[in-house]
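Participant: The structure file query.cif (mmCIF, C-alpha atoms) is provided below.
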data_run
#
loop_
_atom_site.label_atom_id
_atom_site.label_comp_id
_atom_site.auth_asym_id
_atom_site.auth_seq_id
_atom_site.Cartn_x
_atom_site.Cartn_y
_atom_site.Cartn_z
CA MET A 55 -4.14 5.02 -12.21
CA SER A 56 -3.53 4.77 -8.48
CA ARG A 57 -0.92 6.90 -6.77
CA PRO A 58 0.94 6.10 -3.58
CA PRO A 59 0.07 8.31 -0.65
CA ARG A 60 2.43 11.15 0.06
CA GLN A 61 3.44 12.42 3.45
CA HIS A 62 1.75 15.53 4.79
CA SER A 63 3.87 18.39 5.99
CA ALA A 64 3.72 18.91 9.72
CA ALA A 65 3.84 22.24 11.43
CA PRO A 66 6.21 22.57 14.37
CA THR A 67 4.72 21.82 17.75
CA ALA A 68 4.53 24.74 20.12
CA SER A 69 5.55 23.89 23.65
CA ARG A 70 4.18 25.51 26.78
CA GLU A 71 6.94 27.04 28.84
CA THR A 72 7.09 27.30 32.61
CA VAL A 73 7.24 30.66 34.41
CA GLN A 74 10.47 32.30 33.29
CA PRO A 75 12.60 33.22 36.34
CA PRO A 76 14.34 36.60 36.46
CA ARG A 77 17.97 36.86 35.50
CA THR A 78 20.52 36.87 38.30
CA GLY A 79 21.35 40.52 37.70
CA GLN A 80 17.69 41.49 37.86
CA LEU A 81 17.25 39.48 41.04
CA LEU A 82 20.24 41.09 42.78
CA LEU A 83 19.11 44.55 41.72
CA GLY A 84 15.63 43.90 43.09
CA MET A 85 16.97 42.59 46.39
CA LEU A 86 19.28 45.60 46.78
CA THR A 87 16.53 48.08 45.92
CA VAL A 88 14.10 46.63 48.46
CA THR A 89 16.78 46.48 51.13
CA VAL A 90 17.77 50.12 50.63
CA LEU A 91 14.15 51.25 50.72
CA VAL A 92 13.46 49.34 53.96
CA ALA A 93 16.66 50.67 55.55
CA LEU A 94 15.83 54.24 54.49
CA ILE A 95 12.28 54.07 55.83
CA GLY A 96 13.55 52.46 59.06
CA SER A 97 16.09 55.22 59.57
CA LEU A 98 13.49 57.90 59.06
CA ALA A 99 11.17 56.14 61.49
CA ASN A 100 14.04 55.53 63.91
CA SER A 101 13.05 51.87 64.16
CA VAL A 102 14.99 49.63 61.80
CA MET A 103 14.03 46.48 63.71
CA ALA A 104 10.33 47.23 63.44
CA LEU A 105 10.56 47.53 59.68
CA VAL A 106 13.01 44.74 58.94
CA GLY A 107 10.04 42.42 59.07
CA LEU A 108 8.96 43.97 55.78
CA LEU A 109 11.77 42.04 54.12
CA VAL A 110 10.00 38.76 54.76
CA PHE A 111 7.87 39.29 51.67
CA LEU A 112 11.01 38.81 49.55
CA PRO A 113 11.14 34.99 50.02
CA ALA A 114 7.41 34.73 49.28
CA ALA A 115 7.81 36.68 46.03
CA ALA A 116 10.86 34.63 45.07
CA ALA A 117 8.97 31.38 45.69
CA ALA A 118 6.37 32.44 43.12
CA LEU A 119 8.79 33.67 40.43
CA CYS A 120 12.30 32.27 40.89
CA THR A 121 14.18 29.00 40.72
CA VAL A 122 14.99 27.03 43.86
CA ARG A 123 18.56 28.35 43.90
CA GLN A 124 17.41 31.94 43.44
CA THR A 125 14.83 31.51 46.19
CA ALA A 126 17.51 30.08 48.49
CA LEU A 127 19.69 33.12 47.76
CA VAL A 128 16.85 35.49 48.64
CA CYS A 129 16.10 33.52 51.80
CA ALA A 130 19.74 33.60 52.87
CA TRP A 131 19.86 37.36 52.30
CA THR A 132 16.67 37.86 54.31
CA ALA A 133 17.98 35.67 57.16
CA LEU A 134 21.26 37.61 57.22
CA LEU A 135 19.53 40.97 57.42
CA GLY A 136 17.08 39.76 60.05
CA SER A 137 19.88 38.32 62.21
CA SER A 138 21.97 41.48 61.88
CA ALA A 139 19.04 43.65 62.93
CA PHE A 140 18.37 41.34 65.86
CA LEU A 141 21.97 41.51 67.09
CA THR A 142 22.81 45.15 66.42
CA GLY A 143 19.66 47.15 66.85
CA GLY A 144 16.15 47.32 68.08
CA SER A 145 16.84 47.93 71.79
CA ASP A 146 13.54 49.73 72.05
CA ILE A 147 11.71 46.50 71.23
CA ALA A 148 11.28 43.77 73.82
CA LEU A 149 13.58 40.78 73.48
CA ALA A 150 10.63 38.37 73.29
CA ASP A 151 9.17 40.32 70.36
CA ARG A 152 12.48 40.30 68.53
CA VAL A 153 12.87 36.57 69.06
CA LEU A 154 9.31 35.99 67.84
CA LEU A 155 9.98 38.05 64.71
CA LEU A 156 13.15 36.05 64.04
CA VAL A 157 11.33 32.74 64.48
CA LEU A 158 8.50 33.81 62.16
CA THR A 159 11.05 34.91 59.56
CA ALA A 160 12.75 31.50 59.73
CA CYS A 161 9.39 29.74 59.35
CA LEU A 162 8.50 31.88 56.33
CA ILE A 163 11.87 31.17 54.74
CA ALA A 164 11.35 27.42 55.15
CA ALA A 165 7.81 27.67 53.79
CA SER A 166 9.01 29.71 50.80
CA LEU A 167 11.65 27.13 49.87
CA TYR A 168 9.08 24.34 50.12
CA ALA A 169 6.52 26.28 48.07
CA CYS A 170 9.10 27.01 45.39
CA ARG A 171 9.99 23.33 45.04
CA ARG A 172 6.31 22.36 44.83
CA ARG A 173 5.60 25.06 42.24
CA ILE A 174 8.44 23.98 39.96
CA HIS A 175 7.40 20.34 40.29
CA ARG A 176 3.83 21.21 39.27
CA GLU A 177 5.09 23.28 36.33
CA HIS A 178 7.21 20.41 35.06
CA THR A 179 4.26 18.05 35.46
CA MET A 180 2.03 20.42 33.49
CA VAL A 181 4.64 20.68 30.72
CA ARG A 182 4.78 16.88 30.43
CA LEU A 183 0.98 16.64 30.40
CA HIS A 184 0.76 19.40 27.81
CA SER A 185 3.32 17.66 25.61
CA ALA A 186 1.30 14.45 25.80
CA ALA A 187 -1.91 16.37 25.02
CA VAL A 188 -0.26 18.06 22.01
CA ALA A 189 0.90 14.67 20.71
CA MET A 190 -2.64 13.31 21.13
CA GLN A 191 -4.14 16.38 19.46
CA GLN A 192 -1.86 15.93 16.47
CA GLN A 193 -3.22 12.42 16.06
CA ILE A 194 -6.76 13.80 16.04
CA LEU A 195 -6.20 17.08 14.18
CA ARG A 196 -3.04 17.18 12.12
CA PRO A 197 -1.07 20.43 12.13
CA LEU A 198 -1.72 22.80 9.26
CA PRO A 199 -0.75 23.37 6.49
CA LEU A 200 -1.24 19.97 4.87
CA LEU A 201 0.12 19.11 1.43
CA THR A 202 -0.87 16.40 -1.03
CA GLU A 203 -0.05 15.90 -4.67
CA ASP A 204 -3.25 17.73 -5.62
CA VAL A 205 -3.78 20.50 -3.07
CA GLN A 206 -2.41 22.61 -0.25
CA VAL A 207 -4.70 23.09 2.74
CA ASP A 208 -4.11 26.01 5.10
CA GLY A 209 -6.24 27.06 8.01
CA VAL A 210 -6.79 27.89 11.66
CA TYR A 211 -8.43 25.96 14.46
CA GLU A 212 -9.68 27.65 17.63
CA PRO A 213 -11.41 25.76 20.45
CA VAL A 214 -13.90 27.91 22.34
CA GLN A 215 -12.05 27.11 25.58
CA GLU A 216 -8.36 28.07 25.37
CA ASP A 217 -7.28 25.35 27.77
CA ARG A 218 -8.69 22.69 25.41
CA LEU A 219 -6.60 21.68 22.45
CA VAL A 220 -9.46 19.88 20.72
CA GLY A 221 -13.12 20.79 20.58
CA GLY A 222 -16.11 19.61 18.58
CA ASP A 223 -14.88 20.87 15.20
CA ILE A 224 -12.88 18.44 13.09
CA TYR A 225 -10.96 18.37 9.83
CA ASP A 226 -8.65 16.00 7.99
CA VAL A 227 -6.97 15.49 4.62
CA VAL A 228 -6.18 12.07 3.13
CA GLU A 229 -4.45 11.38 -0.17
CA SER A 230 -5.99 8.28 -1.71
CA ALA A 231 -5.80 6.36 -4.98
CA TRP A 232 -8.83 8.37 -6.20
CA GLY A 233 -7.56 11.81 -5.29
CA THR A 234 -7.34 13.95 -2.17
CA ARG A 235 -10.21 13.50 0.27
CA VAL A 236 -10.93 16.49 2.52
CA LEU A 237 -13.18 16.39 5.59
CA ILE A 238 -14.47 19.24 7.72
CA GLY A 239 -17.15 18.70 10.35
CA ASP A 240 -18.82 19.82 13.55
CA VAL A 241 -19.93 17.52 16.36
CA GLN A 242 -23.14 18.42 18.15
CA GLY A 243 -22.44 19.83 21.59
CA LYS A 244 -19.21 20.42 23.48
CA GLY A 245 -17.05 18.73 26.08
CA LEU A 246 -15.25 15.41 26.23
CA ALA A 247 -18.23 13.53 24.81
CA ALA A 248 -18.03 15.64 21.65
CA VAL A 249 -14.32 14.87 21.40
CA GLY A 250 -15.11 11.16 21.53
CA ALA A 251 -17.50 11.45 18.59
CA ALA A 252 -14.96 13.58 16.72
CA PHE A 253 -12.29 10.93 17.16
CA ALA A 254 -14.69 8.23 15.93
CA VAL A 255 -15.39 10.18 12.72
CA ILE A 256 -11.76 11.04 12.01
CA GLY A 257 -10.58 7.49 12.65
CA SER A 258 -13.21 6.11 10.30
CA PHE A 259 -12.41 8.75 7.67
CA ARG A 260 -8.72 7.94 7.63
CA GLU A 261 -9.40 4.27 7.10
CA ALA A 262 -12.36 4.46 4.73
CA ALA A 263 -10.83 7.20 2.55
CA HIS A 264 -8.25 4.66 1.38
CA ARG A 265 -10.77 1.83 1.03
CA GLU A 266 -13.89 3.29 -0.54
CA PRO A 267 -13.70 4.33 -4.22
CA THR A 268 -16.81 6.56 -4.07
CA LEU A 269 -17.85 9.41 -1.79
CA THR A 270 -21.23 7.81 -1.15
CA ALA A 271 -19.59 4.70 0.24
CA LEU A 272 -17.19 6.86 2.25
CA VAL A 273 -20.04 8.85 3.80
CA ASP A 274 -21.92 5.63 4.57
CA ALA A 275 -18.85 4.39 6.45
CA LEU A 276 -18.66 7.64 8.43
CA ASP A 277 -22.35 7.43 9.32
CA ALA A 278 -21.89 3.85 10.50
CA SER A 279 -19.02 4.91 12.75
CA VAL A 280 -21.17 7.61 14.41
CA THR A 281 -24.02 5.13 14.84
CA ARG A 282 -21.68 2.66 16.55
CA HIS A 283 -20.27 5.41 18.75
CA ASN A 284 -23.75 6.54 19.79
CA SER A 285 -24.75 2.97 20.64
CA SER A 286 -21.67 2.62 22.80
CA VAL A 287 -22.11 5.87 24.74
CA ALA A 288 -25.86 5.28 25.14
CA ARG A 289 -25.10 2.10 27.10
CA ASP A 290 -23.04 4.24 29.47
CA GLY A 291 -25.88 6.72 29.91
CA ASP A 292 -24.33 9.52 27.77
CA ASP A 293 -26.17 11.52 25.13
CA GLU A 294 -26.12 10.47 21.50
CA ARG A 295 -24.70 13.02 19.07
CA PHE A 296 -24.89 13.79 15.40
CA VAL A 297 -22.09 15.24 13.27
CA THR A 298 -22.39 17.63 10.34
CA VAL A 299 -19.68 17.06 7.72
CA LEU A 300 -18.62 18.22 4.29
CA VAL A 301 -16.59 15.62 2.38
CA LEU A 302 -14.72 16.51 -0.80
CA ASN A 303 -12.77 14.59 -3.40
CA ILE A 304 -10.25 16.58 -5.45
CA ASP A 305 -8.13 15.02 -8.19
CA ALA A 306 -6.12 16.21 -11.17
CA ARG A 307 -9.28 17.08 -13.12
CA GLY A 308 -10.71 20.58 -12.74
CA GLU A 309 -13.71 19.38 -10.73
CA VAL A 310 -14.62 18.74 -7.12
CA GLN A 311 -16.93 15.97 -5.97
CA ALA A 312 -18.67 16.84 -2.70
CA VAL A 313 -21.21 15.46 -0.24
CA ASN A 314 -22.75 17.86 2.27
CA CYS A 315 -24.28 16.25 5.37
CA GLY A 316 -25.92 19.24 7.02
CA HIS A 317 -22.72 21.31 7.12
CA VAL A 318 -21.88 24.90 6.23
CA PRO A 319 -21.59 25.01 2.41
CA PRO A 320 -18.21 25.76 0.82
CA GLN A 321 -17.31 29.08 -0.78
CA LEU A 322 -15.45 29.31 -4.08
CA ILE A 323 -13.29 32.44 -4.30
CA ALA A 324 -12.17 33.65 -7.71
CA ALA A 325 -10.40 36.85 -8.69
CA HIS A 326 -13.53 39.02 -8.70
CA SER A 327 -16.29 36.83 -7.28
CA VAL A 328 -17.37 34.68 -4.37
CA THR A 329 -19.87 31.91 -5.12
CA THR A 330 -21.53 29.09 -3.20
CA PRO A 331 -21.45 25.86 -5.23
CA PRO A 332 -24.91 24.24 -5.46
CA LEU A 333 -24.92 21.10 -3.30
CA ASP A 334 -27.76 19.01 -1.90
CA ASN A 335 -27.94 19.36 1.87
CA GLY A 336 -28.26 15.88 3.38
CA VAL A 337 -28.81 14.80 6.96
CA PRO A 338 -25.91 14.83 9.48
CA LEU A 339 -24.00 11.68 10.34
CA GLY A 340 -25.83 9.58 12.88
CA LEU A 341 -29.28 10.51 11.54
CA ALA A 342 -29.27 8.59 8.24
CA ALA A 343 -31.78 6.08 9.63
CA LEU A 344 -34.36 8.89 9.90
CA THR A 345 -34.54 9.49 6.14
CA THR A 346 -34.96 7.45 2.99
CA GLU A 347 -33.15 9.99 0.82
CA PRO A 348 -29.93 8.58 -0.66
CA VAL A 349 -26.58 10.31 -0.35
CA ARG A 350 -26.11 12.59 -3.35
CA VAL A 351 -22.76 13.64 -4.74
CA GLY A 352 -22.52 17.18 -6.09
CA ARG A 353 -19.94 18.41 -8.56
CA PHE A 354 -18.59 21.86 -9.29
CA PRO A 355 -15.59 23.27 -11.17
CA PHE A 356 -12.43 24.08 -9.24
CA PRO A 357 -9.93 25.80 -11.55
CA GLY A 358 -6.34 26.32 -10.52
CA ASP A 359 -6.78 30.07 -10.00
CA THR A 360 -9.55 29.73 -7.40
CA THR A 361 -9.57 29.09 -3.66
CA LEU A 362 -12.04 26.86 -1.85
CA LEU A 363 -13.03 28.05 1.61
CA LEU A 364 -14.37 25.55 4.15
CA SER A 365 -15.56 26.55 7.62
CA THR A 366 -17.66 25.48 10.57
CA ASP A 367 -20.63 27.34 12.00
CA GLY A 368 -18.44 28.85 14.70
CA LEU A 369 -17.54 31.39 12.01
CA THR A 370 -20.89 31.86 10.30
CA GLU A 371 -22.86 32.00 13.56
CA SER A 372 -20.67 34.63 15.23
CA ARG A 373 -23.02 37.44 16.19
CA ALA A 374 -22.70 41.15 16.67
CA ALA A 375 -24.17 42.91 19.70
CA ASP A 376 -27.47 43.40 17.84
CA GLY A 377 -27.74 39.66 17.10
CA ALA A 378 -26.79 39.88 13.40
CA PHE A 379 -24.82 36.92 12.09
CA TYR A 380 -21.36 37.33 10.64
CA PRO A 381 -21.79 38.23 6.91
CA LEU A 382 -19.32 35.73 5.50
CA SER A 383 -20.01 36.38 1.81
CA ASP A 384 -19.68 40.14 2.24
CA ARG A 385 -16.47 39.82 4.22
CA LEU A 386 -15.01 37.42 1.67
CA ALA A 387 -15.63 40.03 -1.00
CA ALA A 388 -13.35 42.35 1.00
CA LEU A 389 -10.79 39.82 2.25
CA GLY A 390 -10.85 37.27 -0.56
CA THR A 391 -7.87 38.86 -2.32
CA LEU A 392 -5.56 37.84 0.52
CA PRO A 393 -3.23 34.87 -0.05
CA PRO A 394 -4.96 31.57 0.80
CA SER A 395 -2.47 30.97 3.60
CA ASP A 396 -3.41 34.30 5.26
CA LEU A 397 -7.16 34.28 4.65
CA PRO A 398 -8.21 31.90 7.48
CA ARG A 399 -6.44 33.93 10.16
CA ALA A 400 -7.81 37.18 8.73
CA LEU A 401 -11.36 35.81 8.80
CA GLN A 402 -10.92 34.56 12.36
CA GLN A 403 -9.72 37.97 13.55
CA ASP A 404 -12.41 39.75 11.55
CA ALA A 405 -15.13 37.57 13.11
CA HIS A 406 -13.82 38.35 16.58
CA ALA A 407 -13.82 42.07 15.84
CA TYR A 408 -17.36 41.82 14.41
CA ALA A 409 -18.75 39.95 17.42
CA GLY A 410 -16.82 41.89 20.04
CA LYS A 411 -17.49 40.73 23.59
CA THR A 412 -20.22 38.32 22.52
CA SER A 413 -17.77 35.92 20.80
CA PRO A 414 -16.69 33.21 20.67
CA HIS A 415 -19.42 30.83 21.83
CA ASP A 416 -18.34 27.92 19.63
CA ASP A 417 -15.24 26.32 18.19
CA ILE A 418 -14.00 27.74 14.88
CA ALA A 419 -12.30 25.86 12.05
CA ILE A 420 -11.46 27.63 8.79
CA LEU A 421 -9.66 25.94 5.89
CA THR A 422 -8.56 27.15 2.48
CA VAL A 423 -7.91 24.61 -0.28
CA ARG A 424 -5.80 25.55 -3.26
CA ARG A 425 -4.72 23.42 -6.20
CA ARG A 426 -0.99 22.83 -6.43
CA PRO A 427 0.59 23.65 -9.78
CA PRO A 428 1.66 20.50 -11.65
CA HIS A 429 5.33 21.48 -11.73
CA ARG A 430 5.35 21.93 -7.94
CA ALA A 431 3.66 18.58 -7.39
CA SER A 432 6.25 16.90 -9.64
CA ALA A 433 9.12 18.61 -7.89
CA ALA A 434 7.89 17.32 -4.52
CA GLN A 435 8.03 13.69 -5.71
#
As structure tokens, please, write out the structure in this file.
Facilitator:
Amino acid sequence: MSRPPRQHSAAPTASRETVQPPRTGQLLLGMLTVTVLVALIGSLANSVMALVGLLVFLPAAAAALCTVRQTALVCAWTALLGSSAFLTGGSDIALADRVLLLVLTACLIAASLYACRRRIHREHTMVRLHSAAVAMQQQILRPLPLLTEDVQVDGVYEPVQEDRLVGGDIYDVVESAWGTRVLIGDVQGKGLAAVGAAFAVIGSFREAAHREPTLTALVDALDASVTRHNSSVARDGDDERFVTVLVLNIDARGEVQAVNCGHVPPQLIAAHSVTTPPLDNGVPLGLAALTTEPVRVGRFPFPGDTTLLLSTDGLTESRAADGAFYPLSDRLAALGTLPPSDLPRALQQDAHAYAGKTSPHDDIAILTVRRRPPHRASAAQ
């Protein structure tokens, strides 16, 4: 019996803030402190005019940290002090030198106000661009956790470059008439070209997961999408790429159907054991034409008291200083008792601690899949 798709829960979007300006009280205290120090040093040196030029760094600092109004306040204060020193002191300094110092101070004040306006404009532009990038990322990789009638999927996603929101690792969850389809994958290579292949796979998955009744047909559709993408980029002179994926189908029965196309195998975590379900390892997407072997669907039990761990090779190929790979099975034996919602983050942090300065060299995606109790699924309807 077919079931209508349910909406996935969306995590709140984190926004990137601009540089936070100091509070007015902090600003006034800083201005007063610097002024007193300069006046004290000038008195001890018996040359206030010679040292008043030290105040000119105040507008420059304000331009980098403060709002336009705060920077204007600092500039006005600096201009007032400089004019007072010019009029009331500094007789031991030639008039031409005093005038030159006053002119340079005025130029620096003007430059500081201009720099502050430009900085704030750039910050606002970056916030708008970041908001657009976050919205685009959420269309490619939906925020975790994700809920369907059958499962709850928690996880973490970490691009190798912090300034990139999306890398070569992909995941998605679709609730279809045949159960919940889960995808996790890894695009060969890095950079914008890898993101293009990732988007091609995810777009095809979201459409074919609702259309194809079998996993074999679904995987064939994904492979065709990568083949079309490679043909398109090859005409533009870019490199063709393959994609390793693990595709699962989970329904109300206590069994998982899975197709592994060259990806990291799943781990099944029970109360006192960690096992790797036996699955045939097929060729990655985009390379199906190189083999005559058909796509094979594996099956393994998935009771309600177990957790299914899915990951990309960014986790399993993290290396210690001596070159040893991250021992995922051993670490799961120690961390597997954590709640499924906490396990992905714990594994991510543990892999970083294991690799130390040598990591990360690749994107990392870690998902945990847990069956939802029937009463909770009914309550959500």
Participant: Using all atoms listed in the file, which of A:Val337, A:Val205, A:Ala325, A:Gly222 sits nearest Val273 (chain A)?
Facilitator: A:Val337
Participant: What does the structure give for the distance between CA of Asp384 (chain A) and CA of Gln242 (chain A), in Å to one decimal?
Facilitator: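 These two atoms are separated by 27.1 Å.
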Participant: If I take CA of Leu94 (chain A) and CA of Leu155 (chain A), how far is one from the other in Å, to one decimal?
Facilitator: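 Between these atoms lies a distance of 20.0 Å.
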Participant: On this structure, the PyMOL selection byres ((chain A and resi 278-290) around 10) would catch which residues? List them as a ChimeraX atom specification, sorted by chain and number.
Facilitator: /A:247,250-259,272-277,291-297,338-343
Participant: Can you work out the spacing between CA of Gly308 (chain A) and CA of Pro355 (chain A) in Å, to one decimal?
Facilitator: 5.8 Å
Participant: Find the spatial neighbours of region 113-115 of chain A, counting all atoms listed in the file, within a cut-off of 6 Å - ignore same-chain residues fewer than 5 positions away - and output them as JSON, numbers by chain.
Facilitator: {"A": [128, 129, 166]}
Participant: Given the file shown, enumerate the residues that the PyMOL selection byres ((chain A and resi 209) around 10) captures and present them as a PDB file with C-alpha atoms, in the frame of the given file.
Facilitator:
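Everything below was put into part.pdb:
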ATOM      1  CA  PRO A 197      -1.070  20.430  12.130  1.00  0.00           C
ATOM      2  CA  LEU A 198      -1.720  22.800   9.260  1.00  0.00           C
ATOM      3  CA  PRO A 199      -0.750  23.370   6.490  1.00  0.00           C
ATOM      4  CA  LEU A 200      -1.240  19.970   4.870  1.00  0.00           C
ATOM      5  CA  VAL A 207      -4.700  23.090   2.740  1.00  0.00           C
ATOM      6  CA  ASP A 208      -4.110  26.010   5.100  1.00  0.00           C
ATOM      7  CA  VAL A 210      -6.790  27.890  11.660  1.00  0.00           C
ATOM      8  CA  TYR A 211      -8.430  25.960  14.460  1.00  0.00           C
ATOM      9  CA  LEU A 363     -13.030  28.050   1.610  1.00  0.00           C
ATOM     10  CA  LEU A 364     -14.370  25.550   4.150  1.00  0.00           C
ATOM     11  CA  SER A 365     -15.560  26.550   7.620  1.00  0.00           C
ATOM     12  CA  PRO A 394      -4.960  31.570   0.800  1.00  0.00           C
ATOM     13  CA  SER A 395      -2.470  30.970   3.600  1.00  0.00           C
ATOM     14  CA  ASP A 396      -3.410  34.300   5.260  1.00  0.00           C
ATOM     15  CA  LEU A 397      -7.160  34.280   4.650  1.00  0.00           C
ATOM     16  CA  PRO A 398      -8.210  31.900   7.480  1.00  0.00           C
ATOM     17  CA  ARG A 399      -6.440  33.930  10.160  1.00  0.00           C
ATOM     18  CA  GLN A 402     -10.920  34.560  12.360  1.00  0.00           C
ATOM     19  CA  ALA A 419     -12.300  25.860  12.050  1.00  0.00           C
ATOM     20  CA  ILE A 420     -11.460  27.630   8.790  1.00  0.00           C
ATOM     21  CA  LEU A 421      -9.660  25.940   5.890  1.00  0.00           C
ATOM     22  CA  THR A 422      -8.560  27.150   2.480  1.00  0.00           C
ATOM     23  CA  VAL A 423      -7.910  24.610  -0.280  1.00  0.00           C
TER      24      VAL A 423
END
Participant: Let me make sure I understand: among A:Gln124, A:Thr360, A:Thr370, A:Thr298, which one has the smallest atom-to-atom distance to Arg425 (chain A) if we use only C-alpha atoms?
Facilitator: A:Thr360
Participant: Please list as a PyMOL selection string every residue within 10 Å of Thr330 (chain A), counting all atoms listed in the file and excluding residues in the same chain fewer than 2 positions away.
Facilitator: chain A and resi 319-323+328+332-333+354+362-363+383
Participant: For the structure provided, state which residues fall under the PyMOL selection byres ((chain A and resi 169) around 12), and present them as a PyMOL selection string.
Facilitator: chain A and resi 113-122+125-126+162-168+170-176
Participant: In file coordinates, which residues lie within 12 Å of (-11.0, 42.8, -8.9) using all atoms listed in the file, given as a list in words?
Facilitator: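 Output: Ile323, Ala324, Ala325, His326, Ser327, Val328, Ala387, Ala388, Leu389, Gly390, Thr391 and Leu392 of chain A.
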Participant: What's the 10 Å shell around Thr270 (chain A), counting only C-alpha atoms, without same-chain residues fewer than 6 positions away, as a list in words?
Facilitator: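 The residues that qualify are Leu276, Val301, Ala312, Val313, Pro348, Val349, Arg350 and Val351 of chain A.
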Participant: For Tyr225 (chain A), which residue among A:Arg353, A:Leu127, A:Ile418, A:Pro75 is the nearest when counting all atoms listed in the file?
Facilitator: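 Smallest distance to Tyr225 (chain A) is found for A:Ile418.
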